[in-house]
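File shown: target_16.cif (mmCIF, C-alpha atoms).
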data_model
loop_
_atom_site.label_atom_id
_atom_site.label_comp_id
_atom_site.auth_asym_id
_atom_site.auth_seq_id
_atom_site.Cartn_x
_atom_site.Cartn_y
_atom_site.Cartn_z
CA MET A 29 25.82 -44.90 20.67
CA THR A 30 22.09 -45.43 21.35
CA GLU A 31 22.43 -43.13 24.36
CA LEU A 32 23.86 -40.44 22.11
CA MET A 33 20.91 -40.90 19.74
CA GLU A 34 18.44 -40.66 22.60
CA ARG A 35 19.96 -37.43 23.78
CA PHE A 36 19.95 -36.16 20.19
CA VAL A 37 16.24 -36.92 19.78
CA ALA A 38 15.44 -35.18 23.08
CA VAL A 39 17.14 -31.94 22.00
CA PRO A 40 14.12 -30.09 20.46
CA ASP A 41 12.02 -30.75 23.57
CA ALA A 42 14.76 -29.63 25.96
CA LEU A 43 15.55 -26.51 23.90
CA SER A 44 11.92 -25.49 23.55
CA ALA A 45 11.82 -25.04 27.32
CA SER A 46 13.85 -21.85 26.85
CA PRO A 47 12.07 -18.73 25.52
CA LEU A 48 15.12 -18.17 23.30
CA PHE A 49 14.00 -21.17 21.23
CA ALA A 50 10.69 -19.43 20.38
CA VAL A 51 12.56 -16.16 19.78
CA GLY A 52 15.06 -17.86 17.44
CA LEU A 53 12.29 -19.67 15.59
CA THR A 54 10.24 -16.49 15.09
CA LEU A 55 13.26 -14.44 13.96
CA SER A 56 14.31 -17.15 11.47
CA ALA A 57 10.82 -17.33 9.99
CA PHE A 58 10.67 -13.50 9.84
CA PHE A 59 13.90 -13.30 7.80
CA ALA A 60 12.95 -16.28 5.62
CA GLY A 61 9.55 -14.68 4.90
CA SER A 62 11.09 -11.27 4.12
CA TRP A 63 13.59 -12.90 1.75
CA LEU A 64 10.86 -14.87 -0.03
CA PHE A 65 8.67 -11.74 -0.26
CA ALA A 66 11.49 -9.86 -2.05
CA ARG A 67 12.17 -12.88 -4.28
CA ILE A 68 8.57 -13.10 -5.59
CA GLY A 69 8.55 -9.37 -6.39
CA LYS A 70 6.71 -7.91 -3.35
CA PRO A 71 3.13 -8.63 -4.54
CA LEU A 72 0.39 -6.47 -2.95
CA TRP A 73 -2.04 -9.33 -2.39
CA MET A 74 0.48 -11.23 -0.27
CA PRO A 75 1.57 -9.30 2.83
CA PRO A 76 5.05 -10.42 4.03
CA VAL A 77 3.61 -11.33 7.43
CA VAL A 78 1.54 -14.10 5.82
CA LEU A 79 4.63 -15.68 4.24
CA SER A 80 6.57 -15.49 7.52
CA ALA A 81 3.64 -16.90 9.53
CA VAL A 82 3.16 -19.83 7.12
CA ILE A 83 6.87 -20.67 7.34
CA LEU A 84 6.71 -20.42 11.14
CA ALA A 85 3.62 -22.66 11.31
CA VAL A 86 5.26 -25.29 9.09
CA VAL A 87 8.45 -25.31 11.20
CA ILE A 88 6.45 -25.60 14.43
CA ALA A 89 4.46 -28.52 12.96
CA VAL A 90 7.51 -30.30 11.48
CA LEU A 91 9.61 -30.03 14.65
CA SER A 92 6.47 -31.02 16.59
CA VAL A 93 7.08 -28.18 19.03
CA ASP A 94 4.25 -27.86 21.53
CA TYR A 95 2.23 -24.82 20.37
CA HIS A 96 1.56 -23.62 23.91
CA SER A 97 5.22 -23.72 24.90
CA TYR A 98 5.93 -21.71 21.71
CA GLN A 99 3.27 -19.18 22.75
CA ASP A 100 4.84 -18.92 26.21
CA GLY A 101 8.31 -18.28 24.80
CA SER A 102 7.11 -15.84 22.14
CA LYS A 103 5.80 -13.54 24.89
CA TRP A 104 9.32 -12.12 24.94
CA ILE A 105 8.64 -10.80 21.43
CA THR A 106 5.02 -9.68 21.81
CA LEU A 107 6.07 -7.79 24.95
CA LEU A 108 7.52 -5.15 22.59
CA LEU A 109 4.09 -4.49 21.04
CA GLY A 110 3.33 -2.12 23.94
CA PRO A 111 6.19 0.33 23.29
CA ALA A 112 5.75 -0.21 19.51
CA THR A 113 2.15 1.03 19.80
CA VAL A 114 3.40 4.12 21.64
CA ALA A 115 5.93 4.58 18.81
CA LEU A 116 3.03 4.93 16.31
CA GLY A 117 2.33 8.29 17.97
CA ILE A 118 5.44 9.74 16.33
CA PRO A 119 4.41 9.29 12.65
CA LEU A 120 0.88 10.30 13.66
CA TYR A 121 2.28 13.57 15.02
CA GLN A 122 4.31 14.06 11.83
CA GLN A 123 1.18 13.63 9.65
CA ILE A 124 -1.15 15.70 11.79
CA HIS A 125 -0.51 18.93 9.84
CA HIS A 126 -2.57 17.43 7.00
CA ILE A 127 -5.61 17.78 9.25
CA ARG A 128 -5.22 21.57 9.17
CA ALA A 129 -5.43 21.63 5.39
CA LEU A 130 -8.59 19.50 5.17
CA TRP A 131 -9.95 19.43 8.66
CA ILE A 132 -13.70 19.57 7.94
CA PRO A 133 -13.85 16.51 5.64
CA ILE A 134 -11.50 14.56 7.92
CA VAL A 135 -13.29 15.41 11.16
CA VAL A 136 -16.71 14.60 9.63
CA THR A 137 -15.70 11.43 7.74
CA LEU A 138 -13.43 9.77 10.26
CA PRO A 139 -15.82 8.99 13.15
CA ILE A 140 -18.65 7.91 10.82
CA ALA A 141 -16.51 5.78 8.49
CA ALA A 142 -14.47 4.18 11.30
CA THR A 143 -17.68 3.32 13.16
CA LEU A 144 -19.25 1.88 9.99
CA ALA A 145 -16.14 -0.25 9.32
CA ALA A 146 -16.73 -2.01 12.65
CA VAL A 147 -20.55 -1.97 12.55
CA TYR A 148 -20.95 -3.55 9.09
CA ALA A 149 -18.72 -6.48 10.05
CA VAL A 150 -20.29 -7.02 13.47
CA VAL A 151 -23.88 -6.78 12.19
CA ILE A 152 -23.27 -9.16 9.27
CA ALA A 153 -21.50 -11.72 11.49
CA TRP A 154 -24.16 -11.37 14.21
CA ALA A 155 -27.00 -11.85 11.70
CA MET A 156 -25.31 -15.04 10.52
CA GLY A 157 -25.12 -16.42 14.06
CA ALA A 158 -21.55 -15.69 15.15
CA THR A 159 -20.76 -15.96 18.89
CA PRO A 160 -19.85 -12.90 21.01
CA GLU A 161 -16.20 -14.02 21.04
CA VAL A 162 -16.13 -13.99 17.22
CA LEU A 163 -17.86 -10.57 17.12
CA ALA A 164 -15.26 -9.17 19.54
CA SER A 165 -12.50 -10.56 17.30
CA LEU A 166 -13.96 -9.03 14.11
CA ALA A 167 -14.92 -5.57 15.42
CA PRO A 168 -11.41 -4.01 15.20
CA LYS A 169 -10.73 -5.52 11.75
CA SER A 170 -9.83 -2.19 10.11
CA VAL A 171 -7.42 -1.13 12.85
CA THR A 172 -3.64 -1.47 12.64
CA ALA A 173 -2.44 -4.70 14.30
CA PRO A 174 -0.72 -3.46 17.49
CA ILE A 175 -3.74 -1.32 18.44
CA ALA A 176 -6.25 -3.97 17.31
CA ILE A 177 -4.62 -6.62 19.53
CA GLY A 178 -5.05 -4.32 22.53
CA ILE A 179 -8.71 -3.69 21.60
CA THR A 180 -9.58 -7.36 21.12
CA GLU A 181 -7.95 -8.31 24.43
CA GLN A 182 -10.05 -5.66 26.17
CA LEU A 183 -13.24 -6.93 24.46
CA GLY A 184 -12.57 -10.62 25.15
CA GLY A 185 -12.01 -11.75 21.56
CA SER A 186 -9.51 -14.19 20.06
CA VAL A 187 -6.20 -12.65 18.93
CA PRO A 188 -5.42 -15.33 16.28
CA LEU A 189 -8.90 -14.94 14.70
CA LEU A 190 -8.48 -11.15 14.76
CA MET A 191 -5.10 -11.42 13.02
CA GLY A 192 -6.58 -13.57 10.26
CA GLY A 193 -9.42 -11.07 9.85
CA LEU A 194 -7.02 -8.11 9.79
CA LEU A 195 -4.93 -9.58 7.00
CA ILE A 196 -7.93 -10.45 4.82
CA THR A 197 -9.48 -7.01 5.47
CA GLY A 198 -6.24 -5.24 4.51
CA VAL A 199 -5.91 -7.13 1.24
CA VAL A 200 -9.57 -6.85 0.14
CA ALA A 201 -9.83 -3.19 1.23
CA THR A 202 -6.93 -2.43 -1.10
CA LEU A 203 -8.63 -4.26 -3.98
CA PHE A 204 -12.02 -2.59 -3.31
CA VAL A 205 -10.51 0.92 -3.17
CA ASP A 206 -8.86 0.35 -6.55
CA LEU A 207 -12.11 -1.04 -7.97
CA LEU A 208 -14.48 1.61 -6.55
CA ALA A 209 -12.12 4.47 -7.43
CA ARG A 210 -12.76 3.57 -11.07
CA TRP A 211 -16.51 2.92 -10.64
CA LEU A 212 -17.58 6.01 -8.72
CA PRO A 213 -15.20 7.60 -9.90
CA VAL A 214 -12.88 9.12 -7.29
CA GLU A 215 -9.63 10.62 -8.54
CA ASP A 216 -8.50 12.75 -5.59
CA GLU A 217 -5.38 11.03 -4.20
CA ARG A 218 -6.07 12.43 -0.75
CA ILE A 219 -9.48 10.68 -0.63
CA LEU A 220 -8.07 7.41 -1.95
CA GLY A 221 -5.19 7.49 0.54
CA PHE A 222 -7.48 8.30 3.45
CA ALA A 223 -9.87 5.45 2.50
CA LEU A 224 -6.94 3.01 2.15
CA GLY A 225 -5.55 3.81 5.61
CA LEU A 226 -8.95 3.97 7.30
CA ASN A 227 -10.19 0.61 5.97
CA GLY A 228 -7.03 -1.29 5.13
CA HIS A 229 -4.64 -0.24 7.98
CA ALA A 230 -0.94 -0.94 7.24
CA ILE A 231 -1.61 -3.03 4.12
CA GLY A 232 -3.73 -0.24 2.60
CA THR A 233 -1.15 2.35 3.64
CA ALA A 234 1.58 0.42 1.82
CA ARG A 235 -0.58 0.53 -1.34
CA ALA A 236 -1.25 4.27 -0.87
CA PHE A 237 2.49 5.03 -0.87
CA GLU A 238 2.64 3.35 -4.29
CA ILE A 239 0.02 5.79 -5.62
CA SER A 240 1.88 8.88 -4.39
CA HIS A 241 3.53 10.43 -1.35
CA THR A 242 0.41 12.54 -0.67
CA ALA A 243 -1.83 9.45 -0.75
CA GLY A 244 0.62 7.74 1.62
CA ALA A 245 0.57 10.64 4.07
CA PHE A 246 -3.24 10.66 4.12
CA ALA A 247 -3.30 6.88 4.53
CA SER A 248 -0.95 7.10 7.55
CA LEU A 249 -3.19 9.77 9.01
CA GLY A 250 -6.36 7.73 8.31
CA MET A 251 -4.78 4.62 9.84
CA GLY A 252 -3.59 6.44 12.96
CA LEU A 253 -6.84 8.31 13.59
CA THR A 254 -8.94 5.18 12.96
CA GLY A 255 -6.80 3.28 15.47
CA VAL A 256 -7.19 5.92 18.17
CA PHE A 257 -10.89 6.51 17.51
CA THR A 258 -11.80 2.79 17.37
CA ALA A 259 -9.76 2.01 20.49
CA LEU A 260 -11.72 4.63 22.42
CA MET A 261 -15.14 3.90 20.86
CA LEU A 262 -15.43 0.07 20.73
CA PRO A 263 -14.87 -0.74 24.42
CA LEU A 264 -17.56 1.79 25.36
CA VAL A 265 -20.03 0.37 22.80
CA PHE A 266 -19.34 -3.25 23.78
CA ARG A 267 -20.03 -2.48 27.41
CA LEU A 268 -23.64 -1.55 26.61
CA MET B 26 22.97 4.63 23.47
CA SER B 27 20.67 7.26 21.95
CA MET B 28 18.37 4.52 20.59
CA LEU B 29 18.16 2.99 24.06
CA ARG B 30 17.27 6.38 25.51
CA GLY B 31 14.44 6.69 22.97
CA PHE B 32 13.30 3.18 23.87
CA LEU B 33 13.18 4.20 27.54
CA ILE B 34 10.87 7.11 26.67
CA LEU B 35 8.55 4.73 24.79
CA VAL B 36 8.52 2.26 27.69
CA LEU B 37 7.82 5.06 30.19
CA PHE B 38 4.87 6.32 28.10
CA PHE B 39 3.58 2.74 27.86
CA LEU B 40 3.82 2.31 31.64
CA LEU B 41 2.14 5.66 32.16
CA GLY B 42 -0.69 4.50 29.85
CA GLU B 43 -1.00 1.22 31.78
CA ALA B 44 -1.08 3.13 35.07
CA LEU B 45 -3.86 5.41 33.80
CA ARG B 46 -5.81 2.38 32.55
CA LEU B 47 -5.58 0.67 35.96
CA VAL B 48 -6.34 3.77 38.02
CA PHE B 49 -9.27 5.11 35.95
CA LEU B 50 -10.51 1.65 34.81
CA VAL B 51 -10.64 2.74 31.15
CA PRO B 52 -11.18 -0.23 28.82
CA VAL B 53 -8.45 0.97 26.42
CA SER B 54 -5.02 -0.72 26.25
CA GLY B 55 -2.06 0.99 27.90
CA GLY B 56 -0.25 1.12 24.55
CA VAL B 57 -3.02 3.17 22.92
CA LEU B 58 -3.23 5.55 25.90
CA GLY B 59 0.58 5.90 25.75
CA MET B 60 0.36 6.64 22.02
CA ILE B 61 -2.26 9.36 22.54
CA LEU B 62 -0.18 10.90 25.34
CA MET B 63 2.88 10.74 23.08
CA THR B 64 1.09 12.50 20.21
CA PHE B 65 -0.17 15.29 22.49
CA THR B 66 3.24 15.70 24.14
CA LEU B 67 4.89 16.06 20.72
CA MET B 68 2.24 18.57 19.59
CA LEU B 69 3.00 20.65 22.69
CA ARG B 70 6.78 20.39 22.25
CA GLY B 71 6.58 20.90 18.49
CA ARG B 72 9.51 18.59 17.64
CA VAL B 73 10.71 14.96 17.88
CA SER B 74 14.13 14.27 19.43
CA ASP B 75 16.60 12.17 17.40
CA ALA B 76 16.67 9.47 20.07
CA LEU B 77 12.89 9.09 20.00
CA ALA B 78 12.73 9.21 16.20
CA SER B 79 15.38 6.50 15.75
CA SER B 80 13.99 4.07 18.32
CA SER B 81 10.39 4.48 17.17
CA GLN B 82 11.53 3.96 13.57
CA ALA B 83 13.34 0.78 14.65
CA LEU B 84 10.30 -0.63 16.45
CA ILE B 85 7.88 0.27 13.66
CA SER B 86 10.12 -1.40 11.08
CA ILE B 87 9.90 -4.73 12.97
CA LEU B 88 6.13 -4.60 13.59
CA VAL B 89 5.70 -7.63 11.32
CA LEU B 90 7.99 -9.62 13.61
CA LEU B 91 6.09 -8.50 16.70
CA ILE B 92 2.67 -9.60 15.39
CA MET B 93 3.90 -12.96 13.99
CA PRO B 94 3.23 -15.00 17.16
CA GLY B 95 -0.39 -13.74 17.04
CA VAL B 96 -0.78 -14.47 13.32
CA VAL B 97 0.65 -18.00 13.51
CA GLY B 98 -2.11 -18.88 16.00
CA VAL B 99 -4.56 -18.85 13.05
CA PHE B 100 -3.12 -22.19 11.92
CA PHE B 101 -3.54 -23.82 15.32
CA MET B 102 -7.18 -22.96 16.10
CA ALA B 103 -8.98 -24.57 13.13
CA SER B 104 -11.62 -26.44 15.15
CA GLN B 105 -12.30 -23.71 17.71
CA PHE B 106 -14.60 -21.61 15.50
CA SER B 107 -16.01 -24.34 13.26
CA GLY B 108 -19.46 -23.54 11.88
CA GLN B 109 -18.78 -19.80 11.96
CA TRP B 110 -16.40 -19.50 9.04
CA LEU B 111 -19.15 -18.45 6.62
CA ALA B 112 -20.22 -15.63 8.97
CA VAL B 113 -16.60 -14.55 9.36
CA ALA B 114 -15.96 -14.59 5.60
CA ALA B 115 -19.18 -12.64 4.83
CA ALA B 116 -18.40 -10.07 7.53
CA LEU B 117 -14.89 -9.51 6.20
CA LEU B 118 -15.68 -9.40 2.46
CA LEU B 119 -19.09 -7.72 2.36
CA GLY B 120 -18.36 -5.58 5.43
CA THR B 121 -15.13 -4.25 3.97
CA PHE B 122 -16.75 -3.59 0.57
CA LEU B 123 -19.52 -1.55 2.23
CA SER B 124 -17.12 0.37 4.47
CA VAL B 125 -14.80 1.27 1.59
CA LEU B 126 -17.81 2.45 -0.43
CA SER B 127 -19.12 4.52 2.52
CA THR B 128 -15.73 6.14 3.18
CA LEU B 129 -15.20 7.16 -0.45
CA LEU B 130 -18.72 8.57 -0.90
CA LEU B 131 -18.70 10.35 2.45
CA MET B 132 -15.28 11.94 2.00
CA LYS B 133 -16.06 12.95 -1.58
CA GLY B 134 -19.41 14.44 -0.56
CA VAL B 135 -18.10 16.38 2.42
CA MET B 136 -15.15 17.72 0.44
CA ARG B 137 -17.47 18.98 -2.29
CA LEU B 138 -19.76 20.59 0.30
CA SER B 139 -16.95 22.33 2.20
CA ALA B 140 -15.40 23.50 -1.07
CA ARG B 141 -18.76 25.06 -2.09
CA GLU B 142 -19.02 26.69 1.33
CA GLN B 143 -15.60 28.29 0.89
CA GLY B 144 -16.62 29.39 -2.61
CA HIS B 145 -19.49 31.41 -1.09
CA ASP B 146 -17.17 33.20 1.33
#
Show me this structure written as structure tokens.
Amino acid sequence: MTELMERFVAVPDALSASPLFAVGLTLSAFFAGSWLFARIGKPLWMPPVVLSAVILAVVIAVLSVDYHSYQDGSKWITLLLGPATVALGIPLYQQIHHIRALWIPIVVTLPIAATLAAVYAVVIAWAMGATPEVLASLAPKSVTAPIAIGITEQLGGSVPLLMGGLLITGVVATLFVDLLARWLPVEDERILGFALGLNGHAIGTARAFEISHTAGAFASLGMGLTGVFTALMLPLVFRL
Amino acid sequence: MSMLRGFLILVLFFLLGEALRLVFLVPVSGGVLGMILMTFTLMLRGRVSDALASSSQALISILVLLIMPGVVGVFFMASQFSGQWLAVAAALLLGTFLSVLSTLLLMKGVMRLSAREQGHD
């Protein structure tokens, strides 16, 4: 009987040696988080990925799974980020006709605003004494996650810190667009959508689709163009 | 089957992007290069095949799942960046406020200017 117990206790350790354990754990937390997100009424300030990640972290801690063996196994999931990034080219292509309608404002605003989004964060953090690794993790904070992960890896930043920064940026960018739209005021849905996608990546884009379909289309365009532009610009700037 | 065919196209574009990155030593990830190539290819072709549309839709709809292993790392690195949290918080909050403000003003200004320009013509 004690032998049976011993084998029972050793199960989590033995299972965690297989990547399928990390895959099963991540998938379970993903569905649990999505369910909870729907249950609490899909609030804007709480992206579903935060709920899923908190559930995942709690399960990893409670089962006392070794975090590094989880990271090893979860590579089978993050492997798909490569083709998923390529897949973002399809909606970008489908939105690109909006450029023709408003190409001057878009072509002028995008490079300046996308550069500023990175520069403000890097300069503030640098002035307050952040290390180069932290700066490299914060620079792509307005870029959609799959592209931002690629950028931060190229720059030598920390992916977990970047992910935390991305989520906070997405949520506060959404709040600030709502706030400043009333203050300035800006009523054009195309401007609001573009600003949401450019600064708040996927979280801002989700908000833009709640304003209107036009705002959503401009947010998708802003998000896609910011991702491409920042991915090309930051590695060149960081090299200097 | 058709979804798998679309997935193959995405993987091939990713590998092509990686190959370009390695050959020309560009500091941009293979995924982003693949995405740019994909966008240009579609602009040249002028349409998206059903296979490509369905598999890209499928991958995009599970993006949250794909970034979860990266996000969960936030909870396991608490001590690594101690002493820098204030700088990080200021950069995120103040930086994002300033960049949202700049984007709105810039876009509004340029749209007004280009509208006036067209009015003259």
Region 128-145 of chain B environment, 9 Å, all atoms listed in the file, sequence neighbours closer than 5 positions dropped, as a list in words: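 Result of the neighbour search: Leu130, Ile132, Pro133, Ile134, Val136, Thr137, Leu138, Ile140, Ala141, Ala142, Leu144, Ala145, Val205, Leu208, Ala209, Leu212, Val214, Asp216, Ile219, Leu220, Phe222, Ala223, Leu226 and Asn227 of chain A; Leu123 of chain B.
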Which of A:Met251, A:Glu215, A:Gly185, A:Ile175 sits closest to Pro111 (chain A) [using only C-alpha atoms]: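 When distances to Pro111 (chain A) are compared using only C-alpha atoms, the smallest one comes from A:Ile175.
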Residue IDs satisfying the PyMOL selection byres ((chain B and resi 61) around 12), as a PyMOL selection string: (chain A and resi 113-121+175+252-253+255-257+259-260) or (chain B and resi 35+38-39+41-42+53-60+62-68)
Residues in the PyMOL selection byres ((chain A and resi 55-57) around 9), expressed as a list of chain:residue names: A:Ala50, A:Val51, A:Gly52, A:Leu53, A:Thr54, A:Phe58, A:Phe59, A:Ala60, A:Gly61, A:Ser62, A:Leu79, A:Ser80, A:Ala81, A:Val82, A:Ile83, A:Leu84, A:Val87, B:Leu90
Straight-line distance linking CA of Glu34 (chain A) with CA of His96 (chain A), stated in Å to one decimal: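 So the two atoms, CA of Glu34 (chain A) and CA of His96 (chain A), lie 24.0 Å apart.
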Nearest residue to chain B from the set A:Lys70, A:Arg128, A:Arg267, A:His241 (distances using all atoms listed in the file):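 Among the listed residues, A:Arg267 lies closest to chain B.
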Distance criterion (only C-alpha atoms): nearest to Gln99 (chain A) out of A:Leu64, A:Val135, A:Ser46, A:Val150: A:Ser46
The PyMOL selection byres ((chain B and resi 114) around 10) resolved against shown file, as a list in words: Ala149, Ile152, Ala153, Gly193, Ile196 and Thr197 of chain A; Gln109, Trp110, Leu111, Ala112, Val113, Ala115, Ala116, Leu117, Leu118, Leu119 and Gly120 of chain B
Shell around Thr242 (chain A) at 8 Å using all atoms listed in the file, local window under 3 positions removed, as a list in words: Glu217, Arg218, Gly221, Phe237, Ala245 and Phe246 of chain A
Could you give me region 116-141 of chain A completed to N, CA and C atoms, formatted as a tab-separated table (two decimals), in the frame of the given file?
chain	number	residue	atom	x	y	z
A	116	LEU	N	3.89	4.49	17.42
A	116	LEU	CA	3.03	4.93	16.31
A	116	LEU	C	2.58	6.39	16.50
A	117	GLY	N	2.68	6.90	17.72
A	117	GLY	CA	2.33	8.29	17.97
A	117	GLY	C	3.25	9.26	17.27
A	118	ILE	N	4.49	8.83	16.96
A	118	ILE	CA	5.44	9.74	16.33
A	118	ILE	C	5.09	10.02	14.86
A	119	PRO	N	4.89	8.98	14.01
A	119	PRO	CA	4.41	9.29	12.65
A	119	PRO	C	3.04	9.98	12.64
A	120	LEU	N	2.19	9.64	13.60
A	120	LEU	CA	0.88	10.30	13.66
A	120	LEU	C	1.07	11.81	13.87
A	121	TYR	N	1.98	12.16	14.80
A	121	TYR	CA	2.28	13.57	15.02
A	121	TYR	C	2.84	14.22	13.75
A	122	GLN	N	3.70	13.48	13.04
A	122	GLN	CA	4.31	14.06	11.83
A	122	GLN	C	3.31	14.25	10.69
A	123	GLN	N	2.18	13.49	10.71
A	123	GLN	CA	1.18	13.63	9.65
A	123	GLN	C	0.07	14.60	10.01
A	124	ILE	N	0.03	15.03	11.29
A	124	ILE	CA	-1.15	15.70	11.79
A	124	ILE	C	-1.37	17.07	11.12
A	125	HIS	N	-0.32	17.64	10.51
A	125	HIS	CA	-0.51	18.93	9.84
A	125	HIS	C	-1.46	18.82	8.64
A	126	HIS	N	-1.63	17.59	8.11
A	126	HIS	CA	-2.57	17.43	7.00
A	126	HIS	C	-4.00	17.71	7.44
A	127	ILE	N	-4.26	17.51	8.74
A	127	ILE	CA	-5.61	17.78	9.25
A	127	ILE	C	-5.94	19.25	9.04
A	128	ARG	N	-4.95	20.13	9.27
A	128	ARG	CA	-5.22	21.57	9.17
A	128	ARG	C	-5.68	21.95	7.77
A	129	ALA	N	-5.09	21.29	6.77
A	129	ALA	CA	-5.43	21.63	5.39
A	129	ALA	C	-6.86	21.21	5.04
A	130	LEU	N	-7.31	20.08	5.60
A	130	LEU	CA	-8.59	19.50	5.17
A	130	LEU	C	-9.40	19.08	6.38
A	131	TRP	N	-9.44	19.95	7.40
A	131	TRP	CA	-9.95	19.43	8.66
A	131	TRP	C	-11.44	19.12	8.65
A	132	ILE	N	-12.25	19.86	7.91
A	132	ILE	CA	-13.70	19.57	7.94
A	132	ILE	C	-14.01	18.18	7.38
A	133	PRO	N	-13.56	17.87	6.14
A	133	PRO	CA	-13.85	16.51	5.64
A	133	PRO	C	-13.29	15.41	6.53
A	134	ILE	N	-12.11	15.61	7.10
A	134	ILE	CA	-11.50	14.56	7.92
A	134	ILE	C	-12.28	14.39	9.22
A	135	VAL	N	-12.60	15.49	9.87
A	135	VAL	CA	-13.29	15.41	11.16
A	135	VAL	C	-14.71	14.85	10.99
A	136	VAL	N	-15.36	15.13	9.85
A	136	VAL	CA	-16.71	14.60	9.63
A	136	VAL	C	-16.64	13.12	9.23
A	137	THR	N	-15.74	12.79	8.29
A	137	THR	CA	-15.70	11.43	7.74
A	137	THR	C	-15.19	10.41	8.74
A	138	LEU	N	-14.11	10.77	9.45
A	138	LEU	CA	-13.43	9.77	10.26
A	138	LEU	C	-14.33	9.04	11.26
A	139	PRO	N	-15.03	9.74	12.16
A	139	PRO	CA	-15.82	8.99	13.15
A	139	PRO	C	-16.91	8.13	12.50
A	140	ILE	N	-17.57	8.66	11.46
A	140	ILE	CA	-18.65	7.91	10.82
A	140	ILE	C	-18.08	6.68	10.11
A	141	ALA	N	-17.05	6.89	9.28
A	141	ALA	CA	-16.51	5.78	8.49
A	141	ALA	C	-15.84	4.73	9.38
